[in-house]
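To start, the structure itself, in structure tokens.
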Amino acid sequence: MIQLENVRFAWPGRHAFALSVERFAVEAGQKLLLVGPSGSGKSTLLSLISGIVVPASGRVRIVDTDLSALGGAARDAFRAAHLGIIFQMFNLVPYLSVLDNVLLPISFAPARRARALASGGTVAGEARRLLEHLGLDAERVASQPAATLSVGQQQRAAAARALIGTPEIVIADEPTSALDRDRQEDFLSLLFGEVARVGATLVMVSHDQSLAPQFDAVVEIAAIARIAPGAPGLQ
């Protein structure tokens, strides 16, 4: 489902650094935890996987598609159709309702919209189902502006947005960092249940290695990626 080979990427600018990945692969349906300290290149690796950036050399192959062969607009369309992303800071649009936030991805991906309709209902109905499954009272919060939600509620809304339309790959960048241990476990249990229901592949980034037993596989980023000496820290 995800395959990187001989990838070299360098951020431009005065404080540039380079990231190298010889090989990294994730099988379909796998729940993989990518761990490492701040500054080890985790978020840069996620940007390569999601096509936000492209390598200077090497191959990034996602869902049988070489992202390096696509132009910027085509990569954006591919990401919208095939990937669901849970950002560390959630990145909900604060003035939009919770329901409208959840529906945003399928506004840009017709195939994903069609998958959301496959159950025979409406896209709004599917969004509400996801919100309920992830522990929110959809009847109460669907029409609220996202800015009025608590941190835990925003996290669940962000997960629903990532999962709508059954993307093949779900990427989660430190999604539990703002939660205490009990809430972390509750959230992961709900997330895993929905990921398993749709058969998605999950790649989650964290600095918290205590989460490892809950995943199928755990990879230390230092084992697969190198940052050029003297490079400043990155997230």
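Here's how to read the names in the structure tokens: chain A, B, ... by the order shown, residue numbers from 1 in each chain, ligand numbers from 1 in the order shown.
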So which residues touch Leu67 (chain A) within 12 Å, counting only C-alpha atoms, skipping near sequence neighbours fewer than 2 positions away, as an MDAnalysis selection string? chainID A and resid 2:4 47:55 57:65 69:79
Store the residues picked out above, limited to C-alpha atoms, as a short mmCIF file (atom, residue, chain, number, x, y, z; two decimals), in the first residue's frame.
data_model
loop_
_atom_site.label_atom_id
_atom_site.label_comp_id
_atom_site.auth_asym_id
_atom_site.auth_seq_id
_atom_site.Cartn_x
_atom_site.Cartn_y
_atom_site.Cartn_z
CA ILE A 2 2.93 2.36 0.78
CA GLN A 3 6.42 1.92 -0.65
CA LEU A 4 9.40 4.30 -0.57
CA SER A 47 4.53 14.80 3.76
CA LEU A 48 6.33 12.54 1.29
CA ILE A 49 3.80 9.73 1.74
CA SER A 50 0.88 12.09 1.23
CA GLY A 51 2.41 13.85 -1.78
CA ILE A 52 2.57 17.26 -0.15
CA VAL A 53 6.23 17.27 -1.18
CA VAL A 54 8.06 15.12 -3.73
CA PRO A 55 11.56 13.67 -3.47
CA SER A 57 15.21 11.27 -6.34
CA GLY A 58 13.82 7.85 -5.60
CA ARG A 59 10.27 6.55 -5.70
CA VAL A 60 7.21 7.13 -3.52
CA ARG A 61 4.55 4.64 -4.55
CA ILE A 62 1.14 4.89 -2.87
CA VAL A 63 -1.85 2.68 -3.79
CA ASP A 64 0.01 1.54 -6.94
CA THR A 65 0.66 5.13 -8.02
CA ALA A 69 5.22 11.13 -11.74
CA LEU A 70 2.25 13.37 -10.91
CA GLY A 71 2.03 17.14 -11.11
CA GLY A 72 0.95 19.24 -8.16
CA ALA A 73 -2.76 19.35 -9.01
CA ALA A 74 -2.84 15.61 -9.73
CA ARG A 75 -1.16 14.86 -6.39
CA ASP A 76 -3.73 17.03 -4.60
CA ALA A 77 -6.55 15.13 -6.30
CA PHE A 78 -4.93 11.78 -5.50
CA ARG A 79 -4.51 12.73 -1.84
#
Region 107-121 of chain A: which residues within 12 Å, counting only C-alpha atoms, same-chain residues fewer than 3 positions away excluded, as a ChimeraX atom specification? /A:73-74,76-84,100-104,124-130,160-168,198
Shell of 12 Å around Arg140 (chain A), only C-alpha atoms, local chain residues under 6 positions omitted, as a ChimeraX atom specification: /A:97-99,128,131-132,148-149,153
If we count only C-alpha atoms, what is near region 40-44 of chain A at a cut-off of 8 Å, once residues fewer than 2 positions away on the same chain are taken out, given as a PyMOL selection string? chain A and resi 19+34-38+46-48+173+205+221-222+225+227+233-235
Enumerate the residues of region 134-213 of chain A with a DSSP assignment of strand (DSSP E or B), computed from the backbone, and present them as an MDAnalysis selection string. chainID A and resid 145 169:173 201:206
So which residues of region 10-223 of chain A fall under alpha helix (DSSP H) by DSSP, listed as a count of residues only? 85
Using only C-alpha atoms, find each residue of region 114-171 of chain A with at least one atom at most 12 Å away from an atom of region 181-184 of chain A; report its shortest atom-to-atom pair and that distance in Å (one decimal), sort the rows by chain and rising residue number, and return the result as CSV.
residue,atom,partner,partner_atom,distance
A:Gly135,CA,A:Arg183,CA,11.2
A:Val151,CA,A:Arg183,CA,11.1
A:Gly152,CA,A:Arg183,CA,8.1
A:Gln153,CA,A:Arg183,CA,11.1
A:Gln155,CA,A:Gln184,CA,10.6
A:Arg156,CA,A:Arg183,CA,11.1
Write out, as a JSON list (two decimals), in the first residue's frame, the residues just selected, with C-alpha atoms.
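Once written, part_24.json looks like this:
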[["chain", "number", "residue", "atom", "x", "y", "z"],
["A", 135, "GLY", "CA", -18.00, 9.12, 20.53],
["A", 151, "VAL", "CA", -10.04, 19.54, 22.35],
["A", 152, "GLY", "CA", -11.29, 15.96, 22.67],
["A", 153, "GLN", "CA", -14.36, 16.70, 20.55],
["A", 155, "GLN", "CA", -10.03, 15.34, 17.75],
["A", 156, "ARG", "CA", -13.00, 13.07, 17.10]]
